[in-house]
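Read the structure below first, then the notes.
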Amino acid sequence: MLQPLRPAPRYPGKGTCLRTFLRLLGFLRPYRFRVALTVLLGIATVVGNVGLIATAAYLISAAAVVSFISLLTISVYLVRFFSVFRAASRYAERLVSHDVTFRLLGSLRQWIYACLAPLAPARLSAYRSGDLLSRLVKDVEELENLYVRAIAPLAVAMLVCALTFAILYPFSRAFAFVVVALLIATGVGVPLLAGALSRGLGRRQLELRAELYARTVDGVQGAQDLLAFGAEDGQRAAVADLTRKLGRIERRMGLIAGLRASLVDLMMNLAMFVALLLVIPLVATGEIPGIYLAFLALLTLGVFEAISPLGSAFQFLGRTLGAAERLFDVADSEPDLKDPERPRPSPADHTLRFDRVSFRYDNCSPAALNDISFTLKPGGKVAVVGPSGVGKSTLVNLILRFWDPEGGEVQLGGHSLRGYAQEDVRALVGVVPQRTHVFNDTLRANMLLAKPDADAAALTEALSRAGLYERLERLPEGVDSYAGEQGARLSGGERQRLAIARAFLKDAPLLVLDEPTANLDTLTERALLKALQRLGRDRSVLLITHRLVAMEEMDEILVLDEGCVVEQGTHEQLRTAGGLYTRMLEIQRQMLGPLESWSRRQ
């Protein structure tokens with residue numbers, strides 16, 4: 001079971017890399033006992049391997065000089081023991097180390113996603129979707145290099161060096177110091193050289209990979225437009241150029257990896273050669289029995305198994321730390337909106353009020369809303385109309401508290417939305433958006449987003465009231481049919497009906513309709529409006545639209561132009577006022593009149 005991660009502490013330090021490394025170590029705290037077990041099993045694996053080859057060498061040497069083979073019984077059994085022990089410890093070490101790593105990476109993904117959620121949508125709009133995908137998937141996977149290939153192997157190497165010194169010291173003090181010195185030179189010098197040669201390559205590789213992911217995601221999502229405008233060659237060339245640059249870096253990293261492996265082999269064989277040079281004179285003078293010559297030489301060779309993984313770990317350390325910094329860059333971002341320390345309880349009065357609200361998305365953008373005021377009482381119906389791009393949809397973002405106004409207040413139940421928990425506010429609002437996002441899952445799962453504990457009867461009732469149930473019944477698997485990527489298996493009208501069904505299922509007291517019939521034909525629009533009328537009964541309704549349909553049913557209409565309310569009143573008052581609303585009605589009548597006449601004849 002994955003253990004929840006606490007935010008890693010931020011350590012002061014001279015370098016960003018050191019702080020990042022220490023933060024990564026902090027994530028190991030919930031798994032410290034498993035990590036300790038991994039280190040012990042790693043030592044056991046090296047001991048098993050060294051014990052096998054060293055004991056076998058001693059056995060062969062001793063067999064040439066002893067009089068009775070029975071004197072070697074213990075050595076024979078040790079060879080058998082170490083052969084089985086090596087395989088068992090290797091399997092257990094791999095099993096435990098990878099189990100710890102995958103648990104940790106899974107917890108990291110959950111932690112990163114939990115950090116991302118409060119940033120949406122305001123702070124996340126600064127990131128490309130492909131870049132975020134790269135951070136959540138590939139950058140988290142990069143941390144495997146640190147946890148499974150660096151931390152535990154480093155601890156194993158240090159302890160094996162100490163154990164090797166303890167074994168060799170009784171034979172010869174000088175020999176023990178030389179072998180340990182060669183081990184340290186290999187374990188430190190080779191990784192430092194590999195790190196120096198690959199400095200900057202890992203971070204550049206991460207940047208190119210993130211850009212390639214972003215380009216690929218953009219290309220897939222916009223494939224139809226690229227094909228329609230004949231721009232697929234340019235997109236293909238851009239992806240190919242990024243692939244070539246990434247390939248050059250990966251080939252260079254591969255060359256460095258080959259050099260590192262060769263240097264480790266060279267140092268290992270050099271150590272064995274030095275061991276022979278040092279031990280042979282001692283054997284010749286009788287200070288060390290001759291049967292231990294092969295034992296000591298192969299023991300020196302075998303302990304390098306604990307050192308060889310360090311080179312690969314530290315070669316990719318820069319890339320791993322770069323991936324961690326990219327993750328922490330997102331995780332450390334402060335959300336624009338925060339819940340109060342002591343939020344108010346969810347209000348019983350659902351009166352929604354905009355009090356002189358002004359808002360702009362950033363300092364470089366013009367004001368999206370300017371001094372907007374209106375009141376939506378429980379059971380009331382208010383429409384906000386106007387040309388496209390005048391700030392109508394910004395009202396939805398403020399009601400859901402995705403952003404806070406820079407001037408004025410949005411109030412619910414007589415109190416500012418800032419005083420409530422964001423979750424409590426959103427629980428009271430049902431939204432039918434202009435563009436309904438449909439997840440690549442079953443229709444049932446898409447419906448349960450609105451109310452996860454809804455039963456089959458509630459789902460059926462919501463779909464029926466939205467006019468979608470009969471259509472879904474004709475599908476082979478009904479509501480368990482898959483909707484496809486972004487609802488590709490549904491028509492535009494069916495996606496909008498699915499949004500309405502979600503709103504029925506949520507049954508929130510405040511209903512916000514954001515261009516619910518945009519981009520639909522007249523027949524589908526009329527059917528959807530009937531469903532919306534059923535949905536809006538006994539609820540407060542805020543209708544945001546540029547299509548002036550069923551406006552006579554609204555209690556109040558606000559006409560927006562360039563972020564300001566230029567007209568306000570009932571349909572009859574505005575129709576005869578001769579202002580922007582009157583002009584919009586006339587234009588709509590001229591455009592839709594012939595089409596509606598044709599629809600009635602059909």
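Please note that chains go A, B, ... in the order of the structure tokens, that every chain numbers its residues from 1, and that ligands are numbered from 1 in the order shown.
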
Neighbours of stretch 96-100 of chain A within 7 Å (only C-alpha atoms; same-chain residues fewer than 5 positions away dropped), as a PyMOL selection string?
chain A and resi 34+38+148

Put those residues in a file: C-alpha atoms, as a PDB file, in the first residue's frame.
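again.pdb, written as the output of this step:
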```pdb
ATOM      1  CA  ARG A  34      12.869  -1.051   3.608  1.00  0.00           C
ATOM      2  CA  THR A  38      17.819  -3.228   0.644  1.00  0.00           C
ATOM      3  CA  VAL A 148      17.647   2.328  -6.864  1.00  0.00           C
TER       4      VAL A 148
END
```

Give me the stretch 394-465 of chain A side of the contact with stretch 341-364 of chain A, cut-off 12 Å, one line per residue showing its nearest atom pair and distance in Å at one decimal, counting only C-alpha atoms, sorted by chain and residue number, as a Markdown table.
```
| residue | atom | partner | partner_atom | distance |
| --- | --- | --- | --- | --- |
| A:Thr394 | CA | A:Phe359 | CA | 8.5 |
| A:Leu395 | CA | A:Phe354 | CA | 9.3 |
| A:Val396 | CA | A:Phe354 | CA | 11.8 |
| A:Asn397 | CA | A:Phe359 | CA | 10.7 |
| A:Leu398 | CA | A:Phe359 | CA | 9.0 |
| A:Ile399 | CA | A:Leu352 | CA | 8.7 |
| A:Leu400 | CA | A:Leu352 | CA | 11.7 |
| A:Phe402 | CA | A:Tyr361 | CA | 11.2 |
| A:Trp403 | CA | A:Tyr361 | CA | 8.6 |
| A:Asp404 | CA | A:Phe359 | CA | 7.9 |
| A:Pro405 | CA | A:Phe359 | CA | 5.0 |
| A:Glu406 | CA | A:Phe359 | CA | 5.2 |
| A:Gly407 | CA | A:Ser358 | CA | 4.8 |
| A:Gly408 | CA | A:Val357 | CA | 4.3 |
| A:Glu409 | CA | A:Asp355 | CA | 5.3 |
| A:Val410 | CA | A:Phe354 | CA | 4.7 |
| A:Gln411 | CA | A:Arg353 | CA | 5.0 |
| A:Leu412 | CA | A:Leu352 | CA | 4.8 |
| A:Gly413 | CA | A:Asp349 | CA | 4.6 |
| A:Gly414 | CA | A:Thr351 | CA | 7.2 |
| A:His415 | CA | A:Pro347 | CA | 8.9 |
| A:Ser416 | CA | A:Arg353 | CA | 9.1 |
| A:Leu417 | CA | A:Arg344 | CA | 9.5 |
| A:Arg418 | CA | A:Pro343 | CA | 8.5 |
| A:Gly419 | CA | A:Pro343 | CA | 5.6 |
| A:Tyr420 | CA | A:Pro343 | CA | 4.8 |
| A:Ala421 | CA | A:Pro343 | CA | 5.5 |
| A:Gln422 | CA | A:Pro343 | CA | 9.2 |
| A:Glu423 | CA | A:Ser346 | CA | 9.6 |
| A:Asp424 | CA | A:Ser346 | CA | 5.9 |
| A:Val425 | CA | A:Ser346 | CA | 7.4 |
| A:Arg426 | CA | A:Ser346 | CA | 10.4 |
| A:Ala427 | CA | A:Ser346 | CA | 9.2 |
| A:Leu428 | CA | A:His350 | CA | 8.2 |
| A:Val429 | CA | A:His350 | CA | 9.9 |
```

Same residues, C-alpha atoms, saved as a PDB file, in the first residue's frame:
```pdb
ATOM      1  CA  THR A 394     -14.956  35.176 -16.830  1.00  0.00           C
ATOM      2  CA  LEU A 395     -18.023  35.326 -14.587  1.00  0.00           C
ATOM      3  CA  VAL A 396     -17.993  31.518 -14.382  1.00  0.00           C
ATOM      4  CA  ASN A 397     -14.346  31.479 -13.320  1.00  0.00           C
ATOM      5  CA  LEU A 398     -15.061  33.955 -10.543  1.00  0.00           C
ATOM      6  CA  ILE A 399     -18.175  32.115  -9.318  1.00  0.00           C
ATOM      7  CA  LEU A 400     -16.239  28.830  -9.119  1.00  0.00           C
ATOM      8  CA  PHE A 402     -10.786  29.737 -10.012  1.00  0.00           C
ATOM      9  CA  TRP A 403      -9.703  33.363  -9.728  1.00  0.00           C
ATOM     10  CA  ASP A 404     -10.494  36.156  -7.284  1.00  0.00           C
ATOM     11  CA  PRO A 405     -11.576  39.620  -8.478  1.00  0.00           C
ATOM     12  CA  GLU A 406      -9.033  42.409  -8.214  1.00  0.00           C
ATOM     13  CA  GLY A 407     -11.770  44.861  -7.309  1.00  0.00           C
ATOM     14  CA  GLY A 408     -15.145  44.431  -5.651  1.00  0.00           C
ATOM     15  CA  GLU A 409     -16.530  41.201  -4.238  1.00  0.00           C
ATOM     16  CA  VAL A 410     -18.416  38.107  -5.315  1.00  0.00           C
ATOM     17  CA  GLN A 411     -20.742  37.226  -2.451  1.00  0.00           C
ATOM     18  CA  LEU A 412     -22.733  34.130  -1.560  1.00  0.00           C
ATOM     19  CA  GLY A 413     -25.272  34.288   1.223  1.00  0.00           C
ATOM     20  CA  GLY A 414     -24.199  37.850   2.031  1.00  0.00           C
ATOM     21  CA  HIS A 415     -20.528  36.996   2.557  1.00  0.00           C
ATOM     22  CA  SER A 416     -17.509  37.130   0.247  1.00  0.00           C
ATOM     23  CA  LEU A 417     -16.503  33.885  -1.466  1.00  0.00           C
ATOM     24  CA  ARG A 418     -13.032  34.392   0.018  1.00  0.00           C
ATOM     25  CA  GLY A 419     -14.457  33.468   3.419  1.00  0.00           C
ATOM     26  CA  TYR A 420     -15.628  29.990   2.307  1.00  0.00           C
ATOM     27  CA  ALA A 421     -13.648  26.875   1.498  1.00  0.00           C
ATOM     28  CA  GLN A 422     -13.321  26.512  -2.262  1.00  0.00           C
ATOM     29  CA  GLU A 423     -14.728  22.994  -2.107  1.00  0.00           C
ATOM     30  CA  ASP A 424     -17.867  24.211  -0.300  1.00  0.00           C
ATOM     31  CA  VAL A 425     -18.471  26.917  -2.909  1.00  0.00           C
ATOM     32  CA  ARG A 426     -18.087  24.540  -5.847  1.00  0.00           C
ATOM     33  CA  ALA A 427     -20.395  21.996  -4.200  1.00  0.00           C
ATOM     34  CA  LEU A 428     -23.223  24.544  -4.487  1.00  0.00           C
ATOM     35  CA  VAL A 429     -22.687  25.273  -8.177  1.00  0.00           C
TER      36      VAL A 429
END
```

For the contact check between stretch 344-415 of chain A and stretch 532-550 of chain A, emit one row per residue of stretch 344-415 of chain A within 6 Å, containing the shortest atom pair and the distance in Å rounded to one decimal, counting only C-alpha atoms, chain then rising number order, as a tab-separated table.
```
residue	atom	partner	partner_atom	distance
A:Pro378	CA	A:Ser540	CA	5.2
A:Gly379	CA	A:Ser540	CA	4.3
A:Gly380	CA	A:Ser540	CA	4.9
A:Lys381	CA	A:Val541	CA	4.7
A:Val382	CA	A:Leu542	CA	5.0
A:Ala383	CA	A:Leu543	CA	4.5
A:Val384	CA	A:Ile544	CA	4.8
A:Val385	CA	A:Thr545	CA	5.2
A:Gly386	CA	A:His546	CA	5.4
A:Pro387	CA	A:His546	CA	5.9
```

Closest-contact table, stretch 251-286 of chain A side, partner stretch 176-196 of chain A, 8 Å, counting only C-alpha atoms, as a tab-separated table:
```
residue	atom	partner	partner_atom	distance
A:Ile256	CA	A:Ala194	CA	6.4
A:Ala257	CA	A:Ala194	CA	7.6
A:Arg260	CA	A:Ala194	CA	6.4
A:Leu263	CA	A:Val190	CA	7.0
A:Val264	CA	A:Thr186	CA	6.5
A:Met267	CA	A:Thr186	CA	6.5
A:Ala271	CA	A:Leu182	CA	6.5
A:Ala275	CA	A:Val179	CA	7.4
```

Using backbone DSSP assignments, extract all strand (DSSP E) residues from stretch 319-548 of chain A; output them as a PyMOL selection string.
chain A and resi 352-359+369-376+381-385+407-412+415-416+429-432+510-514+540-545

Taking C-alpha atoms for each residue, export the selection above as a PDB file, in the first residue's frame.
```pdb
ATOM      1  CA  LEU A 352     -25.312  35.218  -5.444  1.00  0.00           C
ATOM      2  CA  ARG A 353     -24.200  38.840  -5.706  1.00  0.00           C
ATOM      3  CA  PHE A 354     -21.579  40.621  -7.789  1.00  0.00           C
ATOM      4  CA  ASP A 355     -20.698  43.886  -6.084  1.00  0.00           C
ATOM      5  CA  ARG A 356     -18.736  46.256  -8.356  1.00  0.00           C
ATOM      6  CA  VAL A 357     -16.503  43.423  -9.559  1.00  0.00           C
ATOM      7  CA  SER A 358     -13.472  44.179 -11.738  1.00  0.00           C
ATOM      8  CA  PHE A 359     -10.953  41.626 -13.008  1.00  0.00           C
ATOM      9  CA  LEU A 369     -14.654  42.793 -16.301  1.00  0.00           C
ATOM     10  CA  ASN A 370     -15.129  46.345 -15.087  1.00  0.00           C
ATOM     11  CA  ASP A 371     -17.461  47.356 -12.251  1.00  0.00           C
ATOM     12  CA  ILE A 372     -19.995  44.539 -12.679  1.00  0.00           C
ATOM     13  CA  SER A 373     -22.926  44.428 -10.258  1.00  0.00           C
ATOM     14  CA  PHE A 374     -26.018  42.194 -10.184  1.00  0.00           C
ATOM     15  CA  THR A 375     -27.892  39.908  -7.789  1.00  0.00           C
ATOM     16  CA  LEU A 376     -29.166  36.384  -8.445  1.00  0.00           C
ATOM     17  CA  LYS A 381     -33.027  33.617 -13.517  1.00  0.00           C
ATOM     18  CA  VAL A 382     -30.468  36.092 -14.821  1.00  0.00           C
ATOM     19  CA  ALA A 383     -28.998  36.141 -18.332  1.00  0.00           C
ATOM     20  CA  VAL A 384     -25.684  37.717 -19.287  1.00  0.00           C
ATOM     21  CA  VAL A 385     -25.494  38.391 -23.018  1.00  0.00           C
ATOM     22  CA  GLY A 407     -11.770  44.861  -7.309  1.00  0.00           C
ATOM     23  CA  GLY A 408     -15.145  44.431  -5.651  1.00  0.00           C
ATOM     24  CA  GLU A 409     -16.530  41.201  -4.238  1.00  0.00           C
ATOM     25  CA  VAL A 410     -18.416  38.107  -5.315  1.00  0.00           C
ATOM     26  CA  GLN A 411     -20.742  37.226  -2.451  1.00  0.00           C
ATOM     27  CA  LEU A 412     -22.733  34.130  -1.560  1.00  0.00           C
ATOM     28  CA  HIS A 415     -20.528  36.996   2.557  1.00  0.00           C
ATOM     29  CA  SER A 416     -17.509  37.130   0.247  1.00  0.00           C
ATOM     30  CA  VAL A 429     -22.687  25.273  -8.177  1.00  0.00           C
ATOM     31  CA  GLY A 430     -23.646  23.106 -11.133  1.00  0.00           C
ATOM     32  CA  VAL A 431     -22.064  24.138 -14.429  1.00  0.00           C
ATOM     33  CA  VAL A 432     -23.000  23.289 -18.003  1.00  0.00           C
ATOM     34  CA  LEU A 510     -26.978  27.327  -8.290  1.00  0.00           C
ATOM     35  CA  LEU A 511     -26.914  26.524 -11.983  1.00  0.00           C
ATOM     36  CA  VAL A 512     -24.518  28.285 -14.363  1.00  0.00           C
ATOM     37  CA  LEU A 513     -25.041  27.758 -18.088  1.00  0.00           C
ATOM     38  CA  ASP A 514     -22.057  28.963 -20.122  1.00  0.00           C
ATOM     39  CA  SER A 540     -31.121  29.817  -9.413  1.00  0.00           C
ATOM     40  CA  VAL A 541     -30.008  30.065 -13.042  1.00  0.00           C
ATOM     41  CA  LEU A 542     -27.275  32.244 -14.522  1.00  0.00           C
ATOM     42  CA  LEU A 543     -27.368  31.934 -18.304  1.00  0.00           C
ATOM     43  CA  ILE A 544     -24.328  33.212 -20.202  1.00  0.00           C
ATOM     44  CA  THR A 545     -24.894  33.329 -23.928  1.00  0.00           C
TER      45      THR A 545
END
```

So, counting only C-alpha atoms, which residue among A:Thr320, A:Gln573, A:Thr300, A:Gln568 is closest to A:Leu270?
A:Thr300

So that I can see what lies close to A:Arg248, please list as a list in words the residues with an atom at most 12 Å from it, counting only C-alpha atoms and leaving out residues fewer than 6 positions away in the same chain.
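Contacts, in chain order: Leu201, Arg204, Gln205, Leu208, Asp241, Leu242, Gly254 and Leu255 of chain A.
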
Return the single residue from A:Asp218, A:Glu586, A:Glu144, A:Asp139 that is closest to A:Leu206, with distances computed using only C-alpha atoms.
A:Asp139

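Across the structure, atom CA of A:Leu108 and atom CA of A:Phe27 are spaced 8.4 Å apart.
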
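Using only C-alpha atoms, the shortest contact distance between A:Gly106 and any of A:Glu141, A:Arg444, A:Tyr482, A:Ser393 is found at A:Glu141.
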
By how many Å are atom CA of A:Tyr91 and atom CA of A:Leu25 apart?
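Interatomic distance, atom CA of A:Tyr91 to atom CA of A:Leu25: 25.0 Å.
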
If we count only C-alpha atoms, what is near A:Ala237 at a cut-off of 12 Å, once residues fewer than 6 positions away on the same chain are taken out, given as a PyMOL selection string?
chain A and resi 212+215-216+219+231+243-244

Keeping only C-alpha atoms, write those residues as a PDB file, in the first residue's frame.
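After the write, out_31.pdb holds the following:
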```
ATOM      1  CA  LEU A 212       9.483  16.955 -27.770  1.00  0.00           C
ATOM      2  CA  ARG A 215       5.337  19.269 -29.597  1.00  0.00           C
ATOM      3  CA  THR A 216       4.007  15.736 -29.905  1.00  0.00           C
ATOM      4  CA  GLY A 219       0.562  17.781 -32.898  1.00  0.00           C
ATOM      5  CA  ALA A 231       1.002  22.189 -42.126  1.00  0.00           C
ATOM      6  CA  THR A 243      14.588  14.057 -32.185  1.00  0.00           C
ATOM      7  CA  ARG A 244      17.974  14.570 -33.879  1.00  0.00           C
TER       8      ARG A 244
END
```

Within 12 Å of stretch 324-328 of chain A, which residues of stretch 54-114 of chain A show up? Give each one with its shortest atom-to-atom distance in Å (one decimal) and the two atoms involved, counting only C-alpha atoms, rows by chain then rising residue number, as a tab-separated table.
```
residue	atom	partner	partner_atom	distance
A:Leu105	CA	A:Ala324	CA	11.9
A:Leu108	CA	A:Leu327	CA	9.7
A:Arg109	CA	A:Leu327	CA	9.9
A:Trp111	CA	A:Leu327	CA	10.4
A:Ile112	CA	A:Leu327	CA	7.4
A:Tyr113	CA	A:Leu327	CA	10.4
```

For the atom pair atom CA of A:Met158 and atom CA of A:Ile288, what is the interatomic distance in Å to one decimal place?
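Atom-to-atom, atom CA of A:Met158 to atom CA of A:Ile288, that is 27.0 Å.
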